[in-house]
Structure formats: structure tokens, C-alpha cells
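Shown next: final_24.cif, given as mmCIF, C-alpha atoms.
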```cif
data_protein
loop_
_atom_site.label_atom_id
_atom_site.label_comp_id
_atom_site.auth_asym_id
_atom_site.auth_seq_id
_atom_site.Cartn_x
_atom_site.Cartn_y
_atom_site.Cartn_z
CA ARG A 1 0.00 0.00 0.00
CA ALA A 2 1.10 3.60 -0.64
CA GLN A 3 2.99 5.39 2.13
CA ASP A 4 4.21 8.97 2.37
CA VAL A 5 7.90 9.69 1.84
CA ASP A 6 8.62 10.60 5.47
CA THR A 7 7.13 7.32 6.70
CA VAL A 8 9.14 5.28 4.20
CA LEU A 9 12.38 7.08 5.11
CA ARG A 10 11.74 6.58 8.83
CA LYS A 11 11.10 2.88 8.36
CA TYR A 12 14.17 2.58 6.15
CA ALA A 13 16.28 4.29 8.84
CA ASP A 14 14.86 1.87 11.44
CA THR A 15 15.75 -1.05 9.17
CA ILE A 16 19.35 0.14 8.77
CA THR A 17 19.59 0.64 12.55
CA ALA A 18 18.40 -2.95 13.10
CA VAL A 19 20.94 -4.27 10.59
CA MET A 20 23.78 -2.28 12.14
CA LYS A 21 22.95 -3.45 15.66
CA GLY A 22 22.84 -7.10 14.58
CA LEU A 23 26.22 -6.70 12.91
CA THR A 24 28.05 -4.69 15.58
CA ASP A 25 26.80 -6.99 18.35
CA ASN A 26 28.52 -9.84 16.50
CA LYS A 27 31.66 -8.03 15.27
CA GLY A 28 30.38 -7.79 11.72
CA VAL A 29 31.04 -4.86 9.39
CA LEU A 30 28.52 -3.50 6.92
CA ASP A 31 30.22 -3.37 3.53
CA THR A 32 27.51 -1.98 1.28
CA PHE A 33 23.75 -1.57 1.08
CA GLN A 34 21.54 -0.73 -1.86
CA GLY A 35 17.80 -0.66 -1.41
CA ASP A 36 16.92 -3.77 0.60
CA HIS A 37 20.16 -5.62 -0.11
CA PHE A 38 22.94 -5.58 2.54
CA THR A 39 26.41 -7.10 2.35
CA ALA A 40 28.49 -7.64 5.48
CA THR A 41 31.85 -9.20 6.32
CA PHE A 42 33.13 -10.99 9.41
CA ASN A 43 36.81 -11.46 10.25
CA ALA A 44 37.82 -9.38 7.21
CA VAL A 45 38.02 -5.78 8.48
CA THR A 46 37.89 -6.70 12.18
CA LYS A 47 39.22 -9.89 13.76
CA ALA A 48 36.33 -12.04 14.97
CA ALA A 49 36.75 -15.43 16.59
CA ALA A 50 34.03 -17.93 15.64
CA HIS A 51 33.15 -15.65 12.74
CA SER A 52 30.93 -18.23 11.02
CA ARG A 53 28.73 -18.49 14.09
CA ARG A 54 28.71 -14.73 14.58
CA ALA A 55 27.61 -14.18 10.97
CA THR A 56 24.77 -16.68 11.23
CA VAL A 57 23.54 -15.38 14.57
CA ALA A 58 23.65 -11.84 13.20
CA ALA A 59 21.55 -12.87 10.19
CA LEU A 60 18.93 -14.53 12.42
CA ARG A 61 18.72 -11.58 14.81
CA ILE A 62 18.54 -9.05 11.99
CA SER A 63 15.70 -11.02 10.40
CA ALA A 64 13.75 -10.92 13.66
CA ALA A 65 14.46 -7.22 14.23
CA VAL A 66 13.61 -6.11 10.68
CA ALA A 67 10.18 -7.73 11.02
CA SER A 68 9.21 -4.99 13.47
CA CYS A 69 10.40 -2.07 11.33
CA GLY A 70 7.08 -1.72 9.51
CA PHE A 71 7.88 -2.76 5.96
CA GLU A 72 6.39 -6.27 6.34
CA LEU A 73 9.28 -7.70 4.34
CA GLU A 74 10.31 -11.33 4.02
CA THR A 75 14.03 -11.54 4.73
CA SER A 76 16.60 -13.93 3.30
CA ALA A 77 20.30 -14.40 4.01
CA GLY A 78 23.18 -16.51 2.82
CA VAL A 79 26.30 -17.24 4.91
CA ALA A 80 29.48 -18.81 3.58
CA THR A 81 33.04 -19.05 4.86
CA GLY A 82 36.38 -19.41 3.13
CA ARG A 83 39.56 -17.66 2.12
CA ALA A 84 39.35 -14.37 0.22
CA LEU A 85 41.42 -11.41 -0.87
CA VAL A 86 40.44 -8.38 1.20
CA GLY A 87 41.59 -4.78 1.03
CA ASN A 88 41.25 -1.52 -0.85
CA ALA A 89 41.16 -1.79 -4.63
CA GLY A 90 40.43 0.55 -7.49
CA ASN A 91 42.18 3.37 -9.32
CA ASN A 92 43.11 7.00 -8.74
CA GLU A 93 39.50 8.11 -9.14
CA MET A 94 37.73 5.48 -7.08
CA LYS A 95 38.86 3.05 -4.40
CA LYS A 96 36.82 0.79 -2.17
CA PHE A 97 37.33 -1.96 0.39
CA CYS A 98 36.63 -5.24 -1.45
CA VAL A 99 36.21 -8.91 -0.67
CA VAL A 100 37.25 -10.97 -3.68
CA GLY A 101 36.83 -14.73 -3.83
CA GLY A 102 34.45 -17.64 -4.11
CA VAL A 103 33.14 -17.15 -0.57
CA PHE A 104 31.40 -13.90 -1.60
CA THR A 105 29.77 -15.54 -4.61
CA GLN A 106 28.66 -18.54 -2.56
CA ALA A 107 27.00 -16.32 0.05
CA THR A 108 25.16 -14.45 -2.72
CA VAL A 109 23.92 -17.67 -4.29
CA LEU A 110 22.78 -19.06 -0.92
CA GLU A 111 20.76 -15.90 -0.26
CA ARG A 112 19.00 -16.26 -3.60
CA LEU A 113 18.33 -19.95 -3.00
CA CYS A 114 16.28 -19.12 0.12
CA ARG A 115 13.29 -18.47 -2.13
CA LEU A 116 13.25 -22.08 -3.32
CA TYR A 117 12.73 -23.61 0.12
CA ALA A 118 9.55 -22.91 2.08
CA GLY A 119 10.22 -21.26 5.43
CA ALA A 120 13.98 -20.82 4.88
CA LYS A 121 15.36 -17.43 5.95
CA CYS A 122 19.08 -18.11 6.27
CA LEU A 123 20.98 -20.71 4.24
CA VAL A 124 24.50 -21.78 5.20
CA SER A 125 27.07 -23.97 3.50
CA HIS A 126 28.17 -27.31 4.93
CA LYS A 127 31.49 -25.78 6.04
CA LEU A 128 29.67 -24.01 8.85
CA GLN A 129 27.83 -27.04 10.22
CA SER A 130 30.32 -28.18 12.84
CA ASP A 131 30.74 -24.62 14.16
CA LEU A 132 27.00 -23.97 14.33
CA GLU A 133 25.22 -27.13 15.42
CA THR A 134 25.63 -26.48 19.17
CA PHE A 135 24.35 -22.92 18.87
CA VAL A 136 21.87 -22.95 15.98
CA HIS A 137 19.14 -25.38 14.93
CA LEU A 138 20.11 -26.57 11.45
CA ARG A 139 17.97 -28.35 8.87
CA ALA A 140 19.61 -29.97 5.83
CA LEU A 141 17.64 -29.10 2.72
CA ASP A 142 19.47 -30.16 -0.41
CA LEU A 143 22.68 -31.08 -2.18
CA VAL A 144 23.83 -28.13 -4.29
CA GLN A 145 26.81 -27.49 -6.53
CA LEU A 146 27.87 -24.06 -5.28
CA PRO A 147 30.16 -21.85 -7.41
CA PHE A 148 33.87 -22.64 -6.99
CA ALA A 149 33.05 -25.94 -5.22
CA ASP A 150 34.53 -29.22 -6.46
CA LYS A 151 31.38 -31.21 -5.86
CA PRO A 152 27.79 -30.86 -4.59
CA SER A 153 27.55 -30.21 -0.86
CA VAL A 154 24.82 -30.03 1.75
CA VAL A 155 22.97 -26.74 2.07
CA LEU A 156 21.34 -26.14 5.46
CA ASP A 157 18.68 -23.82 6.80
CA ALA A 158 19.70 -22.02 9.99
CA ALA A 159 16.27 -22.01 11.58
CA CYS A 160 16.85 -20.35 14.95
CA GLU A 161 19.29 -20.07 17.83
CA VAL A 162 19.54 -22.75 20.50
CA THR A 163 18.40 -21.18 23.77
CA PRO A 164 19.82 -23.14 26.74
CA GLY A 165 19.51 -22.01 30.33
CA ASP A 166 22.14 -19.61 31.60
CA ASP A 167 23.48 -22.14 34.10
CA ASP A 168 23.99 -25.01 31.64
CA GLU A 169 27.53 -26.35 31.49
CA TRP A 170 29.09 -26.66 28.03
CA LEU A 171 29.19 -30.48 27.82
CA TYR A 172 25.60 -30.71 29.03
CA LEU A 173 24.68 -27.97 26.58
CA VAL A 174 26.08 -30.02 23.67
CA ASP A 175 24.24 -33.15 24.78
CA LYS A 176 21.03 -31.20 25.30
CA ALA A 177 21.27 -29.60 21.86
CA GLU A 178 21.79 -32.97 20.17
CA LYS A 179 18.84 -34.62 21.94
CA SER A 180 16.48 -31.73 21.23
CA ASP A 181 17.40 -31.45 17.54
CA ALA A 182 14.37 -32.55 15.55
CA HIS A 183 16.43 -32.55 12.34
CA ALA A 184 19.45 -34.51 13.58
CA GLN A 185 18.58 -37.69 11.66
CA THR A 186 17.77 -35.83 8.46
CA ASN A 187 21.08 -34.00 8.71
CA ALA A 188 22.91 -37.29 9.25
CA VAL A 189 21.28 -38.80 6.15
CA PHE A 190 22.30 -35.84 4.02
CA LYS A 191 25.86 -36.07 5.34
CA LEU A 192 26.02 -39.71 4.23
CA LEU A 193 24.55 -38.80 0.85
CA ALA A 194 27.09 -36.02 0.32
CA GLY A 195 29.89 -38.45 1.17
CA GLY A 196 28.70 -40.89 -1.49
CA LYS A 197 27.67 -43.51 1.08
CA HIS A 198 24.43 -44.32 -0.68
CA ALA A 199 23.85 -47.74 0.90
CA ASP A 200 24.31 -46.34 4.41
CA CYS A 201 22.06 -43.44 3.48
CA HIS A 202 19.32 -45.81 2.35
CA THR A 203 19.60 -47.86 5.55
CA ALA A 204 19.46 -44.75 7.73
CA TRP A 205 16.44 -43.50 5.80
CA LEU A 206 14.50 -46.75 6.24
CA SER A 207 15.34 -47.00 9.93
CA GLY A 208 14.60 -43.40 10.75
CA PHE A 209 11.69 -42.25 8.62
CA GLY A 210 8.29 -43.72 8.04
CA ASP A 211 7.37 -41.45 5.15
CA ALA A 212 8.40 -38.30 3.34
CA ALA A 213 6.40 -36.16 5.75
CA ALA A 214 9.26 -36.51 8.23
CA TRP A 215 11.20 -34.01 6.14
#
```

Once more with this new file: its structure as C-alpha cells, please.
Amino acid sequence: RAQDVDTVLRKYADTITAVMKGLTDNKGVLDTFQGDHFTATFNAVTKAAAHSRRATVAALRISAAVASCGFELETSAGVATGRALVGNAGNNEMKKFCVVGGVFTQATVLERLCRLYAGAKCLVSHKLQSDLETFVHLRALDLVQLPFADKPSVVLDAACEVTPGDDDEWLYLVDKAEKSDAHAQTNAVFKLLAGGKHADCHTAWLSGFGDAAAW
């Protein structure tokens, strides 16, 4: 529906504020934004331990925050990790901080793929799985040949953060997260499939799922 310019600009400012807070809280740096498209880096400009987890958590929190900014937008995000060339590049007339490498392209593709999977808001590559599974509920969705990848790999939906009690010890936290993960068996089947262990995948499927509705 039509909105006056001042209202749109206010909501846009609120959206940018929500994005910036989600990033700065997780040591991310906003690289560029154009319209409703934002690009951010982690561990490129500023050192950030556990940068894969920080990037995913930032994406989830930004998605939740943007929902209250008034635009009624569906958000999507893609998170990838890998080596890249970072630094200022350009010529005498124009220079800009750049991230050059397959990791940038993969994140872009993952963001676009969100639209193909119902309910997915943040897709991550398989490289992030081991770093995330204790802190984020993951759901394997597909095997995809990402750009610059040697072979198809598992693409996962980062559904939401794990929310343990404040007093939980780390080892108990891990065990608790594994037992409460409704997608653990699906993720295990996809991991076998990605590794080419088709017979084991078939066995795990038959033992774990009664029908396709379990997906």
C-alpha cells in the first residue's frame, strides 16, 4: 500500500539501525547496502573469533528485528566461509574496500536460494555445520553445486538459535542440543549422501523415517 515519503524514510532508517545493531553486536562490518540488499563481512576488516557463528547469529537476529520495522518484508540471508582477498582496490578516481573470492559468490547464491525452500530465511554452507550445530538449529535441505566448489555439498537452513539455560555447562549444553534437535537424523542422512555412502544413506532413511512427511 502507498505510504508517504517521510514514513518510508523513517522505516528505512529503522531497518538500517536494526541491521547495524545485529552486525556490531557480532563483530560484523557492513560493507555496502543498496535498497533492501545488505552485504556484510566478518573477520575481514575486524578480527572475529568464531566468525561463522557470529555471521549466522547476526543474520537470524537481523531477520527478527527487521520484522518490526514496519515494511512487512520477508528476509533472506546466505552465509558462507572461506579464504578471500580483502583490502582496498580501485584506481586513482575510485577506491573501495573489497572482498574478492568464491566465498562472496557462494553467500550471494545461498541468499537467492532461500526463495526455493519454504520457510527458509538463512541458508548456510556445509562448512559451517560443525561450528554452528551447538548454537543454531540446522535443517539440511538439499545437495547443491555451489560456485567454486569441487562437488555438490549439503545446504542447510539455519532455523533459529539454541536457547539453553544460563546455568547449563558446556558439555551438558552439547548433549542437550543434540537430543532436542528434531532434524538430527535428516542431517545425518544428508551427510552420508554427500559423502557418497548411498547404501548407508538408504539404511538410515528406512530405519529413521516412516514417510516423506518426516522431512

- Run the PyMOL selection byres ((chain A and resi 18-22) around 6) mentally over the shown coordinates, then write out the matched residues as a ChimeraX atom specification, using the chain letters and numbers from the document. /A:15-17,23-25,58,62,65

- Query: Exactly which residues make up the result of the PyMOL selection byres ((chain A and resi 103) around 7) on this file, given as a ChimeraX atom specification?
  - Reply: /A:80-84,101-102,104-107

- Note on the structure: Closest of A:Leu193, A:Val109, A:Ala188, A:Val86 to Val45 in chain A, counting all atoms listed in the file, is A:Val86

- Task: Enter the distance from CA of Val29 in chain A to CA of Thr108 in chain A, in Å, rounded to one decimal.
- Result: 16.5 Å

- Task: Please write the residues picked by the PyMOL selection byres ((chain A and resi 128-135) around 7) on this file as a PyMOL selection string.
- Result: chain A and resi 52-53+124-127+136-138+161-162+174+177

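Of the residues listed (A:Arg61, A:His183, A:Arg10, A:Lys95), A:His183 shows the shortest atom-to-atom separation from Asp157 in chain A; distances use only C-alpha atoms.
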
- Task: Report the distance between CA of Gly87 in chain A and CA of Ala149 in chain A in Å, rounded to one decimal place.
- Result: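 Computing the Euclidean distance for CA of Gly87 in chain A and CA of Ala149 in chain A yields 23.7 Å.
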
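Remark: for Ala64 in chain A, the closest of the candidate residues A:Leu206, A:Ala159, A:Val79, A:Leu141 is A:Ala159 (distances computed over all atoms listed in the file).
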
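You can rank A:Ala55, A:Cys69, A:Met94, A:Leu192 by their closest distance to Thr39 in chain A using only C-alpha atoms, and at the top of that list sits A:Ala55.
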
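The spacing separating CA of Cys114 in chain A from CA of Cys160 in chain A amounts to 14.9 Å.
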